[in-house]
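**Student:** Take this structure first; my questions come after.
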Amino acid sequence: MPTGPSALRRPSRHRLLLLLTAVLLSTASLVGATLGASATVPARATAPTSASHTPTSQAPGSQAPACVDPEKPLSPGYDAATKRDTAFNKNFRHCFTTVNGVQMHYVIGGHGPRTTALLHGWPESWYEFRGIMPSLLPGRTVIAVDLPGLGDSTGNPPSYTKQTLATYTHLLLDKIGHRQGVRFIAHDFGVGVAYALAAQYRQQAAGLFLMDFPLVGKNLKFSDIQPLEWHFSFNLQQPLAEDLVTGRVKTFLTYFYPTQSHTPRPVPDNEIAEYTRVYSRPQVLHAGFELYRTWTQDQADNTRLQATPLTIPVRLLTQDGFAPLLLSAVQDTAPAATGTDIPGAGHWLLSEAPRQVLSEVNAFYPAH
C-alpha cells in the first residue's frame, strides 16, 4: 500500500488508470522480447523443484533453529534468491507448515530471547527484510513471515481482511512456540496485519514497530486516501488488474516502484527479480490485489478494535513528509505512539534507508 510522493499532487485517478491500461496493453507484444520467458511465466515452469534440494529443516551447517512440524514446500523455487547465499544459509532457514489449510512459509534465524516477527507489505514478500535480518540476530530470534496467500505461502485464506491474516499469523507463531512477548516489525499492509494481531491477541504482542501505512479506522477513512494514488483504484478492479498484469509482472513492478519514491531505482534488481518470481504465481498476484479490495472491511474492523486502545509501545517510521498524517491515525489506536519520517526517503524504507531503519529498530527494541 504505498502512498508515495505522487500522492501530494492528487492526480486524476481515472485518467491515470486509463493511461496505465493503455501502457500495459501496448507493451504486451514486447514483453516476450524484453523480459524473456523466465520473467513472464509462473515460477513452476522455470524454478527447480524442492525435491532437488536437501529439505531446509535438515540443511547441513545451518545455525538456525529447526523448523517445527516441517513440510515439503508446495511453492517451487522458494529458495531461488537464497540457495547460493552462504551467509544466509548459515544463519537462517526456510520453513513450511500448514495453518488452517494454508501452507505458511517463514524464514527463521537466531536463538536470542527477544522474538522479533517481520511482516511484509505489497508488492513484496519476506525478502524485503533480507538486508537487515543479519543485523537483527544478536539477542533475538528473527522470524520473517510470508503472509497467507503471498510470497511462498500456498493456499487461500477465506478472506484477505487484515483481521483474518492476523489470525493466521497468530496461529503460526503459536504453533512454532512463540505465544507471547513477540516484537513486531511491519511495513505497508503488514502494518494492518500487525495491528489487528496485537489488538486481538494482546498477550502475544510486546510492541509494534510500524512503517509507512495509513491505518484506517474511526478517523482516517479509506475514502480519504483512495484519491491519493492511482493504484488504489486500479488494484480494486477485478479481474481487470489480474488480466492486465498477468504475464507482465516485471513490467508492472519496474514501473511501479519508482512512482512511490524520489529516486528512479529505489528497489534493486535482485529484489525486483524475487518479487517478479513470487507475483508471477497466479494466487499471489490475486492475493496482492485482494489486500486492497478488503480495505473498507478493514476500516470497519479497526474501528471496532480501536474501542480498546493498545497499551504496548508503538513506533511509526514513514517516508519523507508523511509522519504527521500517518501518526495521527496510529494514535487513534495507540495514544502513546511516537513517530518520525526519514528525510529524502520514499515508501521503500528497507531498500532506500536500511541503516536508518535499523538504527530506529535497535533504539525501539534493544537487543538486550
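By convention in this document, the chains of the C-alpha cells carry letters A, B, ... by their order, each chain's residues are numbered from 1, and ligands are numbered from 1 in the order they are shown.
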Set the distance at 9 Å and use only C-alpha atoms: which residues neighbour Glu242 in chain A once local chain neighbours fewer than 2 positions away are removed? I'd like the list as a count of residues only.

**Tutor:** 12

**Student:** For Leu208 in chain A, work out the shell of residues within 10 Å, counting only C-alpha atoms and skipping chain neighbours fewer than 4 positions away, then give it as a ChimeraX atom specification.

**Tutor:** /A:117,182-186,191,194-195,198,310,312-316,334,337,364-365

**Student:** Show me, as a PyMOL selection string, the residues that have an atom within 10 Å of Arg202 in chain A when counting only C-alpha atoms, minus same-chain residues fewer than 5 positions from it.

**Tutor:** chain A and resi 180-181+196-197+207+310-312

**Student:** Include N, CA and C atoms and write out the residues we just selected as a JSON list (two decimals), in the first residue's frame.

**Tutor:**
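And here is the file that came out, selection-v2.json:
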[["chain", "number", "residue", "atom", "x", "y", "z"],
["A", 180, "GLN", "N", 3.87, -15.51, 23.26],
["A", 180, "GLN", "CA", 3.76, -14.23, 23.94],
["A", 180, "GLN", "C", 5.06, -13.45, 23.82],
["A", 181, "GLY", "N", 4.96, -12.15, 24.07],
["A", 181, "GLY", "CA", 6.15, -11.31, 24.09],
["A", 181, "GLY", "C", 6.82, -11.09, 22.75],
["A", 196, "ALA", "N", -3.92, -5.62, 13.76],
["A", 196, "ALA", "CA", -5.06, -6.50, 14.03],
["A", 196, "ALA", "C", -4.65, -7.65, 14.95],
["A", 197, "LEU", "N", -3.42, -8.14, 14.80],
["A", 197, "LEU", "CA", -2.95, -9.21, 15.69],
["A", 197, "LEU", "C", -2.79, -8.69, 17.12],
["A", 207, "GLY", "N", 5.15, -5.29, 21.31],
["A", 207, "GLY", "CA", 5.40, -3.98, 20.73],
["A", 207, "GLY", "C", 5.17, -3.99, 19.24],
["A", 310, "LEU", "N", -4.48, 0.21, 22.42],
["A", 310, "LEU", "CA", -3.28, -0.55, 22.73],
["A", 310, "LEU", "C", -2.48, 0.16, 23.81],
["A", 311, "THR", "N", -1.86, -0.61, 24.69],
["A", 311, "THR", "CA", -1.01, -0.05, 25.73],
["A", 311, "THR", "C", 0.45, -0.44, 25.56],
["A", 312, "ILE", "N", 0.75, -1.28, 24.58],
["A", 312, "ILE", "CA", 2.13, -1.67, 24.31],
["A", 312, "ILE", "C", 2.86, -0.53, 23.59]]

**Student:** Can you work out which one of A:Asn100, A:Val330, A:Val145, A:Phe92 has the shortest atom-to-atom distance to Met133 in chain A, counting only C-alpha atoms?

**Tutor:** A:Phe92

**Student:** So, counting only C-alpha atoms, which residue among A:His231, A:Lys90, A:Leu172, A:Gly61 is closest to Tyr106 in chain A?

**Tutor:**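 Checking each of A:His231, A:Lys90, A:Leu172, A:Gly61 against Tyr106 in chain A, counting only C-alpha atoms, the winner is A:Leu172.
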
**Student:** Take CA of Gln306 in chain A and CA of Asp212 in chain A and report the distance between them in Å, one decimal.

**Tutor:**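 That distance, rounded to one decimal, is 19.3 Å.
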
**Student:** Of the candidates A:Ile108, A:Ser261, A:Pro266, A:Glu290, which shows the shortest atom-to-atom distance to Phe234 in chain A, using only C-alpha atoms?

**Tutor:**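 Smallest separation from Phe234 in chain A among the options: A:Glu290.
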
**Student:** Taking the DSSP assignment computed from this structure's backbone, write out as a count of residues only all residues of range 234-334 of chain A that belong to alpha helix (DSSP H).

**Tutor:** 61

**Student:** Could you pull the residues within 8 Å of Asp341 in chain A, counting only C-alpha atoms, minus those fewer than 6 positions along the same chain, as a count of residues only?

**Tutor:** 7

**Student:** With only C-alpha atoms as the basis for distance, which of A:Trp295, A:Thr303, A:Ala345, A:Pro309 is at the shortest distance from Pro258 in chain A?

**Tutor:**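 Of A:Trp295, A:Thr303, A:Ala345, A:Pro309, the one nearest Pro258 in chain A, counting only C-alpha atoms, is A:Ala345.
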
**Student:** With only C-alpha atoms as the atoms that count, which of A:Ala199, A:Ile272, A:Leu118, A:Leu171 lies nearest to Ser351 in chain A?

**Tutor:** A:Ile272

**Student:** Find the spatial neighbours of Tyr279 in chain A, counting only C-alpha atoms, within a cut-off of 12 Å - ignore same-chain residues fewer than 4 positions away - and output them as a VMD selection string.

**Tutor:** chain A and resid 39 to 43 122 to 125 149 to 153 242 245 to 253 272 to 275 283 to 289
